[in-house]
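Student: I am sharing work.cif, which consists of mmCIF, C-alpha atoms:
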```
data_protein
#
loop_
_atom_site.group_PDB
_atom_site.id
_atom_site.type_symbol
_atom_site.label_atom_id
_atom_site.label_comp_id
_atom_site.auth_asym_id
_atom_site.auth_seq_id
_atom_site.Cartn_x
_atom_site.Cartn_y
_atom_site.Cartn_z
ATOM 1 C CA MET S 1377 126.657 109.081 103.441
ATOM 2 C CA GLU S 1378 130.162 109.290 104.831
ATOM 3 C CA ILE S 1379 128.989 111.617 107.629
ATOM 4 C CA ALA S 1380 126.127 109.245 108.486
ATOM 5 C CA LEU S 1381 128.574 106.306 108.687
ATOM 6 C CA ILE S 1382 130.959 108.292 110.913
ATOM 7 C CA GLY S 1383 127.981 109.351 113.079
ATOM 8 C CA LEU S 1384 126.795 105.729 113.337
ATOM 9 C CA ILE S 1385 130.283 104.572 114.338
ATOM 10 C CA GLY S 1386 130.414 107.365 116.935
ATOM 11 C CA VAL S 1387 127.033 106.305 118.331
ATOM 12 C CA LEU S 1388 128.168 102.647 118.494
ATOM 13 C CA ILE S 1389 131.422 103.592 120.252
ATOM 14 C CA GLY S 1390 129.459 105.778 122.701
ATOM 15 C CA ALA S 1391 127.000 102.939 123.309
ATOM 16 C CA CYS S 1392 129.907 100.523 123.964
ATOM 17 C CA ILE S 1393 131.526 102.968 126.394
ATOM 18 C CA THR S 1394 128.193 103.511 128.144
ATOM 19 C CA GLY S 1395 127.571 99.744 128.315
ATOM 20 C CA ILE S 1396 131.032 99.087 129.754
ATOM 21 C CA ALA S 1397 130.570 101.896 132.286
ATOM 22 C CA ALA S 1398 127.120 100.596 133.297
ATOM 23 C CA PHE S 1399 128.485 97.045 133.630
ATOM 24 C CA SER S 1400 131.382 98.298 135.740
ATOM 25 C CA ILE S 1401 129.099 100.282 138.037
ATOM 26 C CA LEU S 1402 126.695 97.362 138.463
ATOM 27 C CA LYS S 1403 129.599 95.009 139.183
ATOM 28 C CA TYR S 1404 130.984 97.469 141.753
ATOM 29 C CA ILE S 1405 127.579 97.789 143.454
ATOM 30 C CA ASP S 1406 127.224 93.993 143.489
ATOM 31 C CA LEU S 1407 130.683 93.576 145.047
ATOM 32 C CA GLN S 1408 129.889 96.251 147.656
ATOM 33 C CA HIS S 1409 126.636 94.484 148.529
ATOM 34 C CA HIS S 1410 128.453 91.142 148.767
ATOM 35 C CA ARG S 1411 131.097 92.678 151.029
ATOM 36 C CA GLU S 1412 128.453 94.233 153.287
ATOM 37 C CA ARG S 1413 126.714 90.861 153.595
ATOM 38 C CA GLU S 1414 130.005 89.193 154.521
ATOM 39 C CA LEU S 1415 130.655 91.814 157.195
ATOM 40 C CA GLU S 1416 127.104 91.420 158.535
ATOM 41 C CA HIS S 1417 127.626 87.662 158.671
ATOM 42 C CA GLN S 1418 130.899 88.059 160.558
ATOM 43 C CA VAL S 1419 129.261 90.450 163.034
ATOM 44 C CA LYS S 1420 126.354 88.010 163.521
ATOM 45 C CA GLU S 1421 128.841 85.184 164.198
ATOM 46 C CA ILE S 1422 130.607 87.304 166.820
ATOM 47 C CA GLU S 1423 127.327 88.308 168.480
ATOM 48 C CA THR S 1424 126.054 84.716 168.546
ATOM 49 C CA ILE S 1425 129.250 83.290 170.026
ATOM 50 C CA ASN S 1426 129.294 86.111 172.568
ATOM 51 C CA LEU S 1427 125.691 85.363 173.622
ATOM 52 C CA LEU S 1428 126.475 81.660 174.012
ATOM 53 C CA ASN S 1429 129.538 82.467 176.108
ATOM 54 C CA LYS S 1430 127.498 84.795 178.324
ATOM 55 C CA LYS S 1431 124.932 82.036 178.916
ATOM 56 C CA ILE S 1432 127.687 79.533 179.779
ATOM 57 C CA ASN S 1433 129.184 82.017 182.259
ATOM 58 C CA GLU S 1434 125.731 82.682 183.711
ATOM 59 C CA ILE S 1435 125.263 78.947 184.298
ATOM 60 C CA LEU S 1436 128.699 78.727 185.907
ATOM 61 C CA SER S 1437 127.942 81.636 188.237
ATOM 62 C CA LYS S 1438 124.724 80.015 189.528
ATOM 63 C CA ARG S 1439 126.736 77.571 191.639
ATOM 64 C CA ASN S 1440 127.518 80.200 194.243
ATOM 65 C CA VAL S 1441 123.916 81.396 194.400
ATOM 66 C CA LEU S 1442 122.388 77.916 194.661
ATOM 67 C CA MET S 1443 125.034 76.300 196.890
ATOM 68 C CA GLN S 1444 122.540 75.329 199.610
ATOM 69 C CA ASP S 1445 120.398 73.471 197.043
ATOM 70 C CA TYR S 1446 123.181 71.098 196.021
ATOM 71 C CA VAL S 1447 122.067 67.788 197.444
ATOM 72 C CA SER S 1448 124.133 64.760 196.428
ATOM 73 C CA PHE S 1449 127.371 66.400 195.448
ATOM 74 C CA ASN S 1450 129.870 68.650 197.037
ATOM 75 C CA SER S 1451 132.739 68.712 194.611
ATOM 76 C CA PHE S 1452 134.113 71.981 193.249
ATOM 77 C CA ASP S 1453 134.219 70.685 189.681
ATOM 78 C CA ASP S 1454 130.558 69.637 189.629
ATOM 79 C CA CYS S 1455 128.221 71.818 187.644
ATOM 80 C CA TYR S 1456 124.518 72.360 188.163
ATOM 81 C CA ILE S 1457 122.432 73.151 185.094
ATOM 82 C CA THR S 1458 118.725 73.801 185.404
ATOM 83 C CA ILE S 1459 116.467 72.100 182.916
ATOM 84 C CA ASP S 1460 115.521 75.518 181.530
ATOM 85 C CA ASP S 1461 119.198 76.391 180.958
ATOM 86 C CA PHE S 1462 119.917 73.060 179.313
ATOM 87 C CA ILE S 1463 116.925 73.426 176.990
ATOM 88 C CA TYR S 1464 117.987 77.005 176.249
ATOM 89 C CA LEU S 1465 121.527 75.873 175.333
ATOM 90 C CA ASN S 1466 120.166 73.129 173.084
ATOM 91 C CA SER S 1467 117.637 75.342 171.336
ATOM 92 C CA PHE S 1468 120.036 78.308 171.025
ATOM 93 C CA THR S 1469 122.726 76.164 169.425
ATOM 94 C CA ALA S 1470 120.165 74.500 167.159
ATOM 95 C CA GLN S 1471 118.715 77.821 166.001
ATOM 96 C CA ASN S 1472 122.101 79.459 165.461
ATOM 97 C CA ASN S 1473 124.120 76.500 164.192
ATOM 98 C CA PHE S 1474 124.952 78.425 161.020
ATOM 99 C CA TYR S 1475 126.905 80.966 163.081
ATOM 100 C CA LEU S 1476 128.482 78.603 165.624
ATOM 101 C CA PRO S 1477 131.434 76.208 165.341
ATOM 102 C CA ASN S 1478 129.445 72.975 165.025
ATOM 103 C CA TYR S 1479 132.220 70.531 165.870
ATOM 104 C CA MET S 1480 133.003 72.313 169.126
ATOM 105 C CA ILE S 1481 129.308 72.435 170.091
ATOM 106 C CA GLU S 1482 128.852 68.726 169.399
ATOM 107 C CA GLU S 1483 131.956 67.877 171.435
ATOM 108 C CA PHE S 1484 130.719 70.033 174.307
ATOM 109 C CA PHE S 1485 127.313 68.338 174.460
ATOM 110 C CA LYS S 1486 128.931 64.906 174.095
ATOM 111 C CA ASN S 1487 131.411 65.607 176.904
ATOM 112 C CA ILE S 1488 128.813 67.118 179.214
ATOM 113 C CA SER S 1489 126.273 64.324 178.650
ATOM 114 C CA HIS S 1490 128.813 61.665 179.685
ATOM 115 C CA ARG S 1491 129.234 63.388 183.040
ATOM 116 C CA LYS S 1492 125.601 63.526 184.134
ATOM 117 C CA VAL S 1493 125.078 62.454 187.765
ATOM 118 C CA ILE S 1494 122.068 60.278 188.446
ATOM 119 C CA LEU S 1495 119.948 61.917 191.110
ATOM 120 C CA SER S 1496 116.791 60.620 192.644
ATOM 121 C CA PRO S 1497 113.613 62.021 191.092
ATOM 122 C CA GLY S 1498 112.942 63.941 194.301
ATOM 123 C CA GLU S 1499 116.340 65.614 194.191
ATOM 124 C CA THR S 1500 115.915 66.453 190.515
ATOM 125 C CA VAL S 1501 112.534 68.024 191.227
ATOM 126 C CA LYS S 1502 113.887 69.826 194.301
ATOM 127 C CA ILE S 1503 116.854 71.454 192.572
ATOM 128 C CA GLY S 1504 115.143 71.701 189.175
ATOM 129 C CA GLY S 1505 117.982 70.508 187.029
ATOM 130 C CA TYR S 1506 120.840 68.163 186.414
ATOM 131 C CA THR S 1507 124.263 67.825 187.927
ATOM 132 C CA TYR S 1508 127.343 67.063 185.870
ATOM 133 C CA LYS S 1509 130.344 65.597 187.691
ATOM 134 C CA GLY S 1510 133.380 67.414 186.340
ATOM 135 C CA GLY S 1511 131.048 69.564 184.246
ATOM 136 C CA ARG S 1512 132.455 72.812 185.578
ATOM 137 C CA VAL S 1513 135.822 72.057 183.975
ATOM 138 C CA VAL S 1514 134.124 71.154 180.678
ATOM 139 C CA MET S 1515 132.068 74.352 180.691
ATOM 140 C CA GLU S 1516 135.029 76.552 181.623
ATOM 141 C CA THR S 1517 137.132 74.967 178.872
ATOM 142 C CA PHE S 1518 134.286 75.480 176.407
ATOM 143 C CA SER S 1519 133.987 79.114 177.485
ATOM 144 C CA GLU S 1520 137.727 79.635 176.969
ATOM 145 C CA GLN S 1521 137.511 78.079 173.501
ATOM 146 C CA LEU S 1522 134.627 80.408 172.653
ATOM 147 C CA LEU S 1523 136.684 83.400 173.816
ATOM 148 C CA GLU S 1524 139.581 82.304 171.587
ATOM 149 C CA ILE S 1525 137.225 82.024 168.624
ATOM 150 C CA LEU S 1526 135.768 85.445 169.456
ATOM 151 C CA ASP S 1527 139.221 87.018 169.415
ATOM 152 C CA GLU S 1528 140.046 85.354 166.084
ATOM 153 C CA LYS S 1529 136.736 86.502 164.564
ATOM 154 C CA ARG S 1530 137.264 90.074 165.800
ATOM 155 C CA GLN S 1531 140.767 90.182 164.348
ATOM 156 C CA GLN S 1532 139.469 88.754 161.082
ATOM 157 C CA LEU S 1533 136.728 91.384 160.995
ATOM 158 C CA ALA S 1534 139.207 94.156 161.758
ATOM 159 C CA ARG S 1535 141.431 93.002 158.884
ATOM 160 C CA SER S 1536 138.528 92.845 156.448
ATOM 161 C CA THR S 1537 137.307 96.386 157.039
ATOM 162 C CA LYS S 1538 139.115 99.649 156.494
ATOM 163 C CA GLN S 1539 137.211 101.552 159.164
ATOM 164 C CA PRO S 1540 137.880 101.244 162.908
ATOM 165 C CA LEU S 1541 135.544 98.921 164.791
ATOM 166 C CA HIS S 1542 133.933 100.944 167.583
ATOM 167 C CA TYR S 1543 131.131 98.404 167.977
ATOM 168 C CA PHE S 1544 133.236 95.705 169.692
ATOM 169 C CA LYS S 1545 135.610 97.795 171.803
ATOM 170 C CA ALA S 1546 133.254 97.938 174.791
ATOM 171 C CA SER S 1547 133.059 94.156 175.238
#
```
What does this structure look like when you write it as structure tokens?
Tutor:
Amino acid sequence: MEIALIGLIGVLIGACITGIAAFSILKYIDLQHHRERELEHQVKEIETINLLNKKINEILSKRNVLMQDYVSFNSFDDCYITIDDFIYLNSFTAQNNFYLPNYMIEEFFKNISHRKVILSPGETVKIGGYTYKGGRVVMETFSEQLLEILDEKRQQLARSTKQPLHYFKAS
């Protein structure tokens, strides 16, 4: 009877040790999965902000290409945005608002909408977009803010991982 009791106690202690080990392993796997998801989220934020910045820079570079199509304005700080580009910016920011700094996006659209130049319908149809007086400055400032956020996010990502980040060195 004494041997059976000692055997039962041994089995219970072994079961407790096995249970604690299994709990520890499952907790470790859960923490690893959570950490991977956080890193994926940070990478997605960086990619999304980078794509938005590229689109802003693409819009800014169109001025030189379409200079002859500028009708009612001739100022350096005016910005021409095609309707397609404006819709793209709106839909891109709406679809990816989880990964973008919402306050900055709202301020950008508020600032840019106050600067819209009223063109005749013929001019709007001819150039296929809208003109924003002083919009170039707003878009360049917005692009610089996005670059600052990108640098902060990259530094934050580099601090949160132990491995070197080869993925973002090219950009």
Student: Nearest residue to Glu1483 of chain S out of S:Thr1517, S:Leu1402, S:Ile1432, S:Ser1536, using all atoms listed in the file?
Tutor: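 Distance minimum relative to Glu1483 of chain S lands on S:Thr1517.
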Student: What gap, in Å, lies between atom CA of Val1387 of chain S and atom CA of Ile1405 of chain S?
Tutor: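 Separation between atom CA of Val1387 of chain S and atom CA of Ile1405 of chain S: 26.5 Å.
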Student: With all atoms listed in the file as the counted atoms, please give the residues lying no more than 10 Å from segment 1413-1416 of chain S, apart from itself and same-chain residues fewer than 5 positions off, as a PyMOL selection string.
Tutor: chain S and resi 1407-1408+1421-1422+1533-1534+1536-1537
Student: With only C-alpha atoms as the atoms that count, which of S:Thr1424, S:Ser1519, S:Gln1532, S:Ser1496 lies nearest to Thr1469 of chain S?
Tutor: S:Thr1424
Student: Considering only C-alpha atoms, state which residue in the set S:Phe1468, S:Gln1531, S:Ile1481, S:Glu1499 is at the smallest distance from Leu1427 of chain S.
Tutor: S:Phe1468
Student: Expressed in Å to a single decimal, how great is the separation between atom CA of Ala1391 of chain S and atom CA of His1410 of chain S?
Tutor: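 According to the coordinates, atom CA of Ala1391 of chain S and atom CA of His1410 of chain S are separated by 28.1 Å.
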Student: So what does the PyMOL selection byres ((chain S and resi 1477) around 12) actually pick up in this one, as a PDB file with C-alpha atoms, in the coordinates of the input?
Tutor:
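Saved result, part.pdb, follows:
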```pdb
ATOM      1  CA  GLU S1421     128.841  85.184 164.198  1.00  0.00           C
ATOM      2  CA  ILE S1422     130.607  87.304 166.820  1.00  0.00           C
ATOM      3  CA  THR S1424     126.054  84.716 168.546  1.00  0.00           C
ATOM      4  CA  ILE S1425     129.250  83.290 170.026  1.00  0.00           C
ATOM      5  CA  LEU S1428     126.475  81.660 174.012  1.00  0.00           C
ATOM      6  CA  THR S1469     122.726  76.164 169.425  1.00  0.00           C
ATOM      7  CA  ALA S1470     120.165  74.500 167.159  1.00  0.00           C
ATOM      8  CA  ASN S1472     122.101  79.459 165.461  1.00  0.00           C
ATOM      9  CA  ASN S1473     124.120  76.500 164.192  1.00  0.00           C
ATOM     10  CA  PHE S1474     124.952  78.425 161.020  1.00  0.00           C
ATOM     11  CA  TYR S1475     126.905  80.966 163.081  1.00  0.00           C
ATOM     12  CA  LEU S1476     128.482  78.603 165.624  1.00  0.00           C
ATOM     13  CA  ASN S1478     129.445  72.975 165.025  1.00  0.00           C
ATOM     14  CA  TYR S1479     132.220  70.531 165.870  1.00  0.00           C
ATOM     15  CA  MET S1480     133.003  72.313 169.126  1.00  0.00           C
ATOM     16  CA  ILE S1481     129.308  72.435 170.091  1.00  0.00           C
ATOM     17  CA  GLU S1482     128.852  68.726 169.399  1.00  0.00           C
ATOM     18  CA  GLU S1483     131.956  67.877 171.435  1.00  0.00           C
ATOM     19  CA  PHE S1484     130.719  70.033 174.307  1.00  0.00           C
ATOM     20  CA  PHE S1518     134.286  75.480 176.407  1.00  0.00           C
ATOM     21  CA  GLN S1521     137.511  78.079 173.501  1.00  0.00           C
ATOM     22  CA  LEU S1522     134.627  80.408 172.653  1.00  0.00           C
ATOM     23  CA  GLU S1524     139.581  82.304 171.587  1.00  0.00           C
ATOM     24  CA  ILE S1525     137.225  82.024 168.624  1.00  0.00           C
ATOM     25  CA  LEU S1526     135.768  85.445 169.456  1.00  0.00           C
ATOM     26  CA  LYS S1529     136.736  86.502 164.564  1.00  0.00           C
TER      27      LYS S1529
END
```
Student: Select, from S:Glu1528, S:Asp1454, S:Asp1460, S:Glu1516, the residue with the minimum atom-to-atom distance to Lys1492 of chain S, counting only C-alpha atoms.
Tutor: S:Asp1454
Student: Could you rebuild segment 1377-1388 of chain S with all heavy atoms and give me the result as a CSV table (one decimal), in the coordinates of the input?
Tutor:
```csv
chain,number,residue,atom,x,y,z
S,1377,MET,N,126.6,110.5,103.0
S,1377,MET,CA,126.7,109.1,103.4
S,1377,MET,C,127.8,108.8,104.4
S,1377,MET,O,127.7,108.1,105.3
S,1377,MET,CB,126.8,108.3,102.2
S,1377,MET,CG,126.8,106.8,102.4
S,1377,MET,SD,125.2,106.3,102.8
S,1377,MET,CE,125.4,104.6,102.7
S,1378,GLU,N,129.0,109.4,104.0
S,1378,GLU,CA,130.2,109.3,104.8
S,1378,GLU,C,129.9,109.9,106.2
S,1378,GLU,O,130.4,109.3,107.2
S,1378,GLU,CB,131.3,110.0,104.1
S,1378,GLU,CG,132.7,109.5,104.4
S,1378,GLU,CD,133.7,110.2,103.5
S,1378,GLU,OE1,133.8,109.9,102.4
S,1378,GLU,OE2,134.4,111.0,104.1
S,1379,ILE,N,129.3,111.0,106.3
S,1379,ILE,CA,129.0,111.6,107.6
S,1379,ILE,C,128.0,110.7,108.5
S,1379,ILE,O,128.2,110.6,109.7
S,1379,ILE,CB,128.4,113.0,107.4
S,1379,ILE,CG1,129.4,113.9,106.7
S,1379,ILE,CG2,128.0,113.6,108.7
S,1379,ILE,CD1,129.0,115.3,106.4
S,1380,ALA,N,127.1,110.1,107.8
S,1380,ALA,CA,126.1,109.2,108.5
S,1380,ALA,C,126.9,108.0,109.0
S,1380,ALA,O,126.6,107.6,110.1
S,1380,ALA,CB,125.0,108.8,107.6
S,1381,LEU,N,127.8,107.5,108.3
S,1381,LEU,CA,128.6,106.3,108.7
S,1381,LEU,C,129.5,106.7,109.9
S,1381,LEU,O,129.6,105.9,110.9
S,1381,LEU,CB,129.4,105.8,107.5
S,1381,LEU,CG,130.2,104.5,107.8
S,1381,LEU,CD1,129.2,103.3,108.1
S,1381,LEU,CD2,131.0,104.1,106.6
S,1382,ILE,N,130.1,107.8,109.8
S,1382,ILE,CA,131.0,108.3,110.9
S,1382,ILE,C,130.1,108.5,112.1
S,1382,ILE,O,130.5,108.2,113.3
S,1382,ILE,CB,131.7,109.6,110.5
S,1382,ILE,CG1,132.8,109.2,109.4
S,1382,ILE,CG2,132.4,110.2,111.7
S,1382,ILE,CD1,133.5,110.4,108.9
S,1383,GLY,N,128.9,109.1,112.0
S,1383,GLY,CA,128.0,109.4,113.1
S,1383,GLY,C,127.5,108.0,113.7
S,1383,GLY,O,127.4,107.9,114.9
S,1384,LEU,N,127.2,107.0,112.8
S,1384,LEU,CA,126.8,105.7,113.3
S,1384,LEU,C,127.9,105.1,114.1
S,1384,LEU,O,127.7,104.5,115.2
S,1384,LEU,CB,126.4,104.8,112.2
S,1384,LEU,CG,125.8,103.5,112.5
S,1384,LEU,CD1,124.6,103.6,113.4
S,1384,LEU,CD2,125.5,102.6,111.3
S,1385,ILE,N,129.1,105.1,113.6
S,1385,ILE,CA,130.3,104.6,114.3
S,1385,ILE,C,130.5,105.3,115.7
S,1385,ILE,O,130.7,104.7,116.7
S,1385,ILE,CB,131.6,104.6,113.5
S,1385,ILE,CG1,131.4,103.7,112.3
S,1385,ILE,CG2,132.8,104.3,114.3
S,1385,ILE,CD1,132.5,103.8,111.3
S,1386,GLY,N,130.3,106.6,115.7
S,1386,GLY,CA,130.4,107.4,116.9
S,1386,GLY,C,129.4,107.0,117.9
S,1386,GLY,O,129.6,106.8,119.1
S,1387,VAL,N,128.1,106.7,117.4
S,1387,VAL,CA,127.0,106.3,118.3
S,1387,VAL,C,127.3,104.9,118.9
S,1387,VAL,O,127.1,104.6,120.1
S,1387,VAL,CB,125.7,106.3,117.6
S,1387,VAL,CG1,124.6,105.6,118.4
S,1387,VAL,CG2,125.2,107.8,117.3
S,1388,LEU,N,127.8,104.0,118.0
S,1388,LEU,CA,128.2,102.6,118.5
S,1388,LEU,C,129.3,102.7,119.5
S,1388,LEU,O,129.3,101.9,120.5
S,1388,LEU,CB,128.5,101.8,117.3
S,1388,LEU,CG,127.4,101.4,116.4
S,1388,LEU,CD1,127.9,100.6,115.2
S,1388,LEU,CD2,126.3,100.6,117.1
```
